Amino acid sequence: MATVTLDMVSKVYPGGVTAVKDVSFDIADGAFCVLVGPSGCGKSTLLRMVAGLEAITAGAVSIGDRVVNDLGPAERDIAMVFQNYALYPHMKVYDNMAYGLRNRGMAKADIDRKVREAAQILELGALLDRKPKALSGGQRQRVAMGRAIVRDPQVFLFDEPLSNLDAKLRGQMRVEIKALQRKLGVTSIYVTHDQLEAMTLADQLVVVNAGRVEQIGAPLDIYDKPASTFVAAFIGAPPMNLLPATMGGAVPAAAATIGFRPEDVEIGHAGEGLQFTAEALAIEPVGAESFIHCRIGDATATLRTHGRSMVAPGETIRFVAPHGRLHWFGGDGKRL
Amino acid sequence: MIGAGRWRSILSHAILMAGVAVIVFPVYLAFVASTHESSAFLSGVAPLWPGSHMAENYALLLDEGISTSGSPPLAPMLLNSLAMALMIAIGKIVISILSAYAIVFFRFPFRLTAFWAIFLTLMLPVEVRIIPTFKVVADLGLLNSYAGLSIPLIASATATFLFRQFFLTIPDELVEAARVDGAGPIRFFIDILLPLSRTNTAALFVILFIYGWNQYLWPLLITTETKYYTIVMGIKRMAAVADADPQWNLVMAAVILAALPPVLVIVFMQGLFVRGLVETEK
Ligand SMILES: Nc1ncnc2c1ncn2[C@@H]1O[C@H](COP(=O)(O)OP(=O)(O)OP(=O)(O)O)[C@@H](O)[C@H]1O
Ligand SMILES: [Mg+2]
């Protein structure tokens, strides 16, 4: 187990695409770090640079106290779980897990012990003699995890490992991955564009935008205090409502945008805070809660209420965003 | 299958059987002819039913050949053909799988140039470059040798091209997983690429074996010693006798014998061969 440090890391692909620009952050020993951001923002590139699958254009990546820039993936003592699992199709599950160990020249008996141990943890015992083709998506995912576990690596790297599973299985595997990581205590970096996965898995959340780090912190801190309008709009579902500051009353001088979360409003009450009058556009009841999409002047906002909503489309509603729950952002999108 | 199954099925089977008949009948005729005495053909009508001289004809051919027409015994010619076909098939596969590996998985200067150079040789089968190739082979002193029989035919790009296309379908993630698992280039080739190419290789082997076996012009050109004659050119020598009637019964027996090894190769490798053509295992 080890810390991972990125120091001013950049990546320029041949052909001139700058995928990552001056990224620096530290991951504590045993922490679960999630890289989250929209498609094409450079998450995979970052992860692959840590893995050693992509050359580092500038900066330094360290694992433990070793700078690993010039080491190959096998020498970095990492294990990676790929989006499409990347299992060897011609090898049985057992051999898929054992292959990396064999390449290290480990003794047969040790390999066998490790593979069976991992198989037990992941409940793969009955599948060891199957080929990947004869496994379900979830089972393949487990084998891919198993292949990572048996190596006792310093760092686990995951690149959207759950994106090929259906929603229910994804939820289940998410919990399992988290539990497994806790149990093994291995420092992990996990790439996703699913903000729910990001929020639930992360000890440390890194929000990436266009090759740069937007914000780093604990998931709830980021949720409570997004550093920019980008983060505010990206973290949370439905996202934070962002309105032009001119709609607020007593506005801080530099403010260009007001933000408030859908669940922070009080509908129908006249309390302390910013008062809004809006026209309801559509109601989405999802069971335990309902979302009201509404129009405020030229802008739109989403509100959340517990249980069923009594509001009908077309109705005019009043709501309050309490002062303590408001977020202000400057003209450059940064939090004030 | 769509629609009225029964009639469609009868019709398609009828067509298939007609096709089989068209192909099998001449082979049957050849076989029948190989079981008669040579006098059976003097009337000008080929016999339709098997005769009683099969063992005799085949034994004669394999052991002694037809000395009158300068044709050596068949057994060594069959062995020569086998050696040539195997060398060509295996040589082509080894060279092309390695060059495809280099072209697809490694970045080196002039990679594209190399690829196009290989690709260009597709346009130069032996028949086109036969005179310069003959000159080179002769200057190297390879006339009348197994090397001379096979090496000039090994150099061609068809198989390289096919392997390249297959390698390109292997997902990058698989290659990367192998790198993370500590498999160097040679390990990756042996442990992952070769097993994955198994069915493709088998299909290619069958095709190339038959290609090598059927070579006619090239062996004819570069062999003058009977001990290097191959079966396919041998048949021609038997049929084209100068002052006598060809002994059709023996010629046909030779034809049957010559056709046998490719058939056996196909029969034994059929499973892999078919899978190699239809399956994409990834
Ligand atoms: N091999 C490459 N050559 C050139 N540009 C590349 C290469 N790989 C990625 N890029 C570019 O680098 C940028 C970042 O790509 P990356 O794969 O890291 O995105 P990502 O955040 O993982 O996106 P996604 O969520 O869609 O997987 C993109 O603009 C992409 O087009
Ligand atoms: Mg990605």
# chains A, B, ... in the order shown; residues from 1 in each chain; ligands from 1
$ residues_near_ligand --ligand "ligand 1" --cutoff "7 Å" --atoms "only C-alpha atoms and all ligand atoms" --output "VMD selection string"
chain A and resid 13 to 15 17 to 19 37 to 46 192 to 193
$ select_by_dssp --residues "region 151-282 of chain A" --states "helix (DSSP H, G or I)" --output "VMD selection string"
chain A and resid 167 to 184 195 to 201 219 to 224 229 to 234 245 to 247 262 to 264
$ residues_around --residues "Asp29 (chain A)" --least-positions-apart "3" --cutoff "6 Å" --atoms "only C-alpha atoms" --output "ChimeraX atom specification"
/A:2-3,187
$ closest_atom_pairs --of "chain A" --to "chain B" --cutoff "9 Å" --atoms "only C-alpha atoms" --output "JSON lines"
{"residue": "A:Ala51", "atom": "CA", "partner": "B:Val180", "partner_atom": "CA", "distance": 7.9}
{"residue": "A:Gly52", "atom": "CA", "partner": "B:Val180", "partner_atom": "CA", "distance": 8.5}
{"residue": "A:Leu53", "atom": "CA", "partner": "B:Glu176", "partner_atom": "CA", "distance": 7.0}
{"residue": "A:Gly72", "atom": "CA", "partner": "B:Arg179", "partner_atom": "CA", "distance": 8.1}
{"residue": "A:Pro73", "atom": "CA", "partner": "B:Val180", "partner_atom": "CA", "distance": 5.0}
{"residue": "A:Ala74", "atom": "CA", "partner": "B:Gly182", "partner_atom": "CA", "distance": 4.6}
{"residue": "A:Glu75", "atom": "CA", "partner": "B:Gly182", "partner_atom": "CA", "distance": 7.8}
{"residue": "A:Arg76", "atom": "CA", "partner": "B:Val180", "partner_atom": "CA", "distance": 8.8}
{"residue": "A:Asp77", "atom": "CA", "partner": "B:Val180", "partner_atom": "CA", "distance": 8.8}
{"residue": "A:Ile78", "atom": "CA", "partner": "B:Val180", "partner_atom": "CA", "distance": 7.6}
{"residue": "A:Ala79", "atom": "CA", "partner": "B:Val180", "partner_atom": "CA", "distance": 6.8}
{"residue": "A:Met80", "atom": "CA", "partner": "B:Val180", "partner_atom": "CA", "distance": 7.3}
{"residue": "A:Val81", "atom": "CA", "partner": "B:Ala177", "partner_atom": "CA", "distance": 8.4}
{"residue": "A:Phe82", "atom": "CA", "partner": "B:Glu173", "partner_atom": "CA", "distance": 7.0}
{"residue": "A:Gln83", "atom": "CA", "partner": "B:Glu173", "partner_atom": "CA", "distance": 8.4}
{"residue": "A:Asn84", "atom": "CA", "partner": "B:Glu173", "partner_atom": "CA", "distance": 7.5}
{"residue": "A:Tyr85", "atom": "CA", "partner": "B:Glu173", "partner_atom": "CA", "distance": 8.0}
{"residue": "A:Ala86", "atom": "CA", "partner": "B:Leu174", "partner_atom": "CA", "distance": 4.8}
{"residue": "A:Leu87", "atom": "CA", "partner": "B:Leu174", "partner_atom": "CA", "distance": 6.9}
{"residue": "A:Tyr88", "atom": "CA", "partner": "B:Leu174", "partner_atom": "CA", "distance": 7.0}
{"residue": "A:Pro89", "atom": "CA", "partner": "B:Lys282", "partner_atom": "CA", "distance": 5.9}
{"residue": "A:His90", "atom": "CA", "partner": "B:Leu196", "partner_atom": "CA", "distance": 6.6}
{"residue": "A:Met91", "atom": "CA", "partner": "B:Ile192", "partner_atom": "CA", "distance": 8.9}
{"residue": "A:Tyr99", "atom": "CA", "partner": "B:Asp181", "partner_atom": "CA", "distance": 6.9}
{"residue": "A:Gly100", "atom": "CA", "partner": "B:Asp181", "partner_atom": "CA", "distance": 4.2}
{"residue": "A:Leu101", "atom": "CA", "partner": "B:Asp181", "partner_atom": "CA", "distance": 7.7}
{"residue": "A:Asn103", "atom": "CA", "partner": "B:Gly182", "partner_atom": "CA", "distance": 6.0}
{"residue": "A:Arg104", "atom": "CA", "partner": "B:Gly182", "partner_atom": "CA", "distance": 7.2}
{"residue": "A:Lys133", "atom": "CA", "partner": "B:Lys282", "partner_atom": "CA", "distance": 8.7}
$ write_last_selection --atoms "N, CA, C and O atoms" --output "mmCIF file, in the first residue's frame"
data_model
loop_
_atom_site.group_PDB
_atom_site.id
_atom_site.type_symbol
_atom_site.label_atom_id
_atom_site.label_comp_id
_atom_site.auth_asym_id
_atom_site.auth_seq_id
_atom_site.Cartn_x
_atom_site.Cartn_y
_atom_site.Cartn_z
ATOM 1 N N ALA A 51 -0.977 4.316 -14.512
ATOM 2 C CA ALA A 51 -0.791 2.888 -14.785
ATOM 3 C C ALA A 51 0.494 2.608 -15.550
ATOM 4 O O ALA A 51 1.018 1.504 -15.505
ATOM 5 N N GLY A 52 0.966 3.625 -16.278
ATOM 6 C CA GLY A 52 2.144 3.398 -17.101
ATOM 7 C C GLY A 52 1.788 2.973 -18.510
ATOM 8 O O GLY A 52 2.639 2.515 -19.268
ATOM 9 N N LEU A 53 0.519 3.098 -18.873
ATOM 10 C CA LEU A 53 0.094 2.710 -20.223
ATOM 11 C C LEU A 53 0.237 3.877 -21.190
ATOM 12 O O LEU A 53 0.127 3.707 -22.393
ATOM 13 N N GLY A 72 7.671 0.610 -16.511
ATOM 14 C CA GLY A 72 6.572 -0.005 -17.253
ATOM 15 C C GLY A 72 5.451 -0.375 -16.293
ATOM 16 O O GLY A 72 5.648 -0.391 -15.079
ATOM 17 N N PRO A 73 4.268 -0.659 -16.848
ATOM 18 C CA PRO A 73 3.112 -0.961 -16.003
ATOM 19 C C PRO A 73 3.373 -2.114 -15.033
ATOM 20 O O PRO A 73 2.935 -2.071 -13.879
ATOM 21 N N ALA A 74 4.093 -3.126 -15.481
ATOM 22 C CA ALA A 74 4.288 -4.293 -14.628
ATOM 23 C C ALA A 74 5.211 -3.984 -13.460
ATOM 24 O O ALA A 74 5.141 -4.612 -12.415
ATOM 25 N N GLU A 75 6.074 -2.979 -13.641
ATOM 26 C CA GLU A 75 7.039 -2.672 -12.580
ATOM 27 C C GLU A 75 6.485 -1.680 -11.562
ATOM 28 O O GLU A 75 7.128 -1.379 -10.574
ATOM 29 N N ARG A 76 5.290 -1.149 -11.852
ATOM 30 C CA ARG A 76 4.771 -0.115 -10.957
ATOM 31 C C ARG A 76 3.998 -0.694 -9.789
ATOM 32 O O ARG A 76 3.538 0.021 -8.917
ATOM 33 N N ASP A 77 3.808 -1.992 -9.839
ATOM 34 C CA ASP A 77 3.073 -2.659 -8.772
ATOM 35 C C ASP A 77 1.649 -2.120 -8.640
ATOM 36 O O ASP A 77 1.193 -1.745 -7.573
ATOM 37 N N ILE A 78 0.976 -2.083 -9.762
ATOM 38 C CA ILE A 78 -0.409 -1.640 -9.780
ATOM 39 C C ILE A 78 -1.256 -2.763 -10.372
ATOM 40 O O ILE A 78 -0.728 -3.701 -10.968
ATOM 41 N N ALA A 79 -2.552 -2.686 -10.198
ATOM 42 C CA ALA A 79 -3.447 -3.607 -10.892
ATOM 43 C C ALA A 79 -4.573 -2.781 -11.466
ATOM 44 O O ALA A 79 -4.993 -1.791 -10.861
ATOM 45 N N MET A 80 -5.030 -3.158 -12.641
ATOM 46 C CA MET A 80 -6.020 -2.322 -13.300
ATOM 47 C C MET A 80 -7.238 -3.141 -13.685
ATOM 48 O O MET A 80 -7.123 -4.281 -14.125
ATOM 49 N N VAL A 81 -8.405 -2.540 -13.492
ATOM 50 C CA VAL A 81 -9.651 -3.162 -13.941
ATOM 51 C C VAL A 81 -10.185 -2.321 -15.092
ATOM 52 O O VAL A 81 -10.397 -1.124 -14.939
ATOM 53 N N PHE A 82 -10.365 -2.970 -16.238
ATOM 54 C CA PHE A 82 -10.734 -2.225 -17.440
ATOM 55 C C PHE A 82 -12.246 -2.187 -17.639
ATOM 56 O O PHE A 82 -12.981 -3.033 -17.130
ATOM 57 N N GLN A 83 -12.665 -1.221 -18.437
ATOM 58 C CA GLN A 83 -14.091 -1.041 -18.702
ATOM 59 C C GLN A 83 -14.711 -2.279 -19.339
ATOM 60 O O GLN A 83 -15.780 -2.711 -18.966
ATOM 61 N N ASN A 84 -14.013 -2.853 -20.310
ATOM 62 C CA ASN A 84 -14.554 -4.055 -20.962
ATOM 63 C C ASN A 84 -13.933 -5.324 -20.393
ATOM 64 O O ASN A 84 -13.890 -6.342 -21.057
ATOM 65 N N TYR A 85 -13.416 -5.219 -19.179
ATOM 66 C CA TYR A 85 -12.869 -6.338 -18.414
ATOM 67 C C TYR A 85 -11.555 -6.849 -18.976
ATOM 68 O O TYR A 85 -10.679 -7.222 -18.216
ATOM 69 N N ALA A 86 -11.428 -6.895 -20.318
ATOM 70 C CA ALA A 86 -10.168 -7.333 -20.930
ATOM 71 C C ALA A 86 -9.690 -8.661 -20.375
ATOM 72 O O ALA A 86 -8.517 -8.834 -20.069
ATOM 73 N N LEU A 87 -10.586 -9.611 -20.228
ATOM 74 C CA LEU A 87 -10.172 -10.957 -19.825
ATOM 75 C C LEU A 87 -9.584 -11.656 -21.041
ATOM 76 O O LEU A 87 -9.996 -11.399 -22.166
ATOM 77 N N TYR A 88 -8.633 -12.559 -20.795
ATOM 78 C CA TYR A 88 -8.060 -13.305 -21.909
ATOM 79 C C TYR A 88 -9.078 -14.361 -22.333
ATOM 80 O O TYR A 88 -9.378 -15.275 -21.567
ATOM 81 N N PRO A 89 -9.601 -14.270 -23.544
ATOM 82 C CA PRO A 89 -10.746 -15.111 -23.933
ATOM 83 C C PRO A 89 -10.418 -16.588 -23.997
ATOM 84 O O PRO A 89 -11.313 -17.411 -23.828
ATOM 85 N N HIS A 90 -9.140 -16.923 -24.230
ATOM 86 C CA HIS A 90 -8.802 -18.332 -24.403
ATOM 87 C C HIS A 90 -8.383 -18.979 -23.095
ATOM 88 O O HIS A 90 -8.058 -20.154 -23.073
ATOM 89 N N MET A 91 -8.359 -18.208 -22.008
ATOM 90 C CA MET A 91 -7.916 -18.787 -20.742
ATOM 91 C C MET A 91 -9.102 -18.970 -19.810
ATOM 92 O O MET A 91 -10.023 -18.162 -19.797
ATOM 93 N N TYR A 99 -2.347 -15.562 -14.438
ATOM 94 C CA TYR A 99 -1.376 -15.216 -15.479
ATOM 95 C C TYR A 99 -0.318 -14.210 -15.009
ATOM 96 O O TYR A 99 0.877 -14.411 -15.220
ATOM 97 N N GLY A 100 -0.780 -13.142 -14.379
ATOM 98 C CA GLY A 100 0.157 -12.121 -13.919
ATOM 99 C C GLY A 100 1.150 -12.673 -12.907
ATOM 100 O O GLY A 100 2.329 -12.308 -12.908
ATOM 101 N N LEU A 101 0.659 -13.565 -12.053
ATOM 102 C CA LEU A 101 1.540 -14.144 -11.031
ATOM 103 C C LEU A 101 2.575 -15.059 -11.670
ATOM 104 O O LEU A 101 3.745 -15.073 -11.285
ATOM 105 N N ASN A 103 3.787 -14.750 -14.610
ATOM 106 C CA ASN A 103 4.795 -13.919 -15.264
ATOM 107 C C ASN A 103 5.804 -13.375 -14.270
ATOM 108 O O ASN A 103 6.904 -12.988 -14.637
ATOM 109 N N ARG A 104 5.413 -13.297 -12.994
ATOM 110 C CA ARG A 104 6.358 -12.823 -11.991
ATOM 111 C C ARG A 104 7.226 -13.949 -11.478
ATOM 112 O O ARG A 104 8.064 -13.740 -10.611
ATOM 113 N N LYS A 133 -16.153 -16.423 -21.938
ATOM 114 C CA LYS A 133 -17.328 -16.380 -22.810
ATOM 115 C C LYS A 133 -18.557 -16.956 -22.111
ATOM 116 O O LYS A 133 -19.679 -16.568 -22.397
#
$ residues_around --residues "region 316-326 of chain A" --least-positions-apart "3" --cutoff "6 Å" --atoms "only C-alpha atoms" --output "mmCIF file with C-alpha atoms, in the first residue's frame"
data_model
loop_
_atom_site.group_PDB
_atom_site.id
_atom_site.type_symbol
_atom_site.label_atom_id
_atom_site.label_comp_id
_atom_site.auth_asym_id
_atom_site.auth_seq_id
_atom_site.Cartn_x
_atom_site.Cartn_y
_atom_site.Cartn_z
ATOM 1 C CA GLY A 259 -27.038 28.764 -7.029
ATOM 2 C CA PHE A 260 -29.286 26.665 -4.844
ATOM 3 C CA VAL A 265 -36.026 25.271 -1.298
ATOM 4 C CA GLU A 266 -39.235 25.548 0.649
ATOM 5 C CA ILE A 267 -42.222 25.576 -1.614
ATOM 6 C CA GLY A 268 -45.244 27.610 -0.673
ATOM 7 C CA GLU A 272 -36.242 33.998 5.371
ATOM 8 C CA GLY A 273 -34.364 33.995 2.076
ATOM 9 C CA LEU A 274 -34.684 34.735 -1.567
ATOM 10 C CA GLN A 275 -38.275 34.703 -2.716
ATOM 11 C CA PHE A 276 -39.090 33.360 -6.163
ATOM 12 C CA THR A 277 -42.233 33.195 -8.231
ATOM 13 C CA ALA A 278 -42.189 30.543 -10.922
ATOM 14 C CA GLU A 279 -44.403 28.802 -13.431
#
$ closest_residue --among "A:Met240, A:Val191, A:Leu127, A:Val175" --to "ligand 2" --atoms "only C-alpha atoms and all ligand atoms"
A:Val191
$ closest_residue --among "A:Ala233, A:Ala280, A:Ala210, A:Ile177" --to "Lys21 (chain A)" --atoms "only C-alpha atoms"
A:Ala210
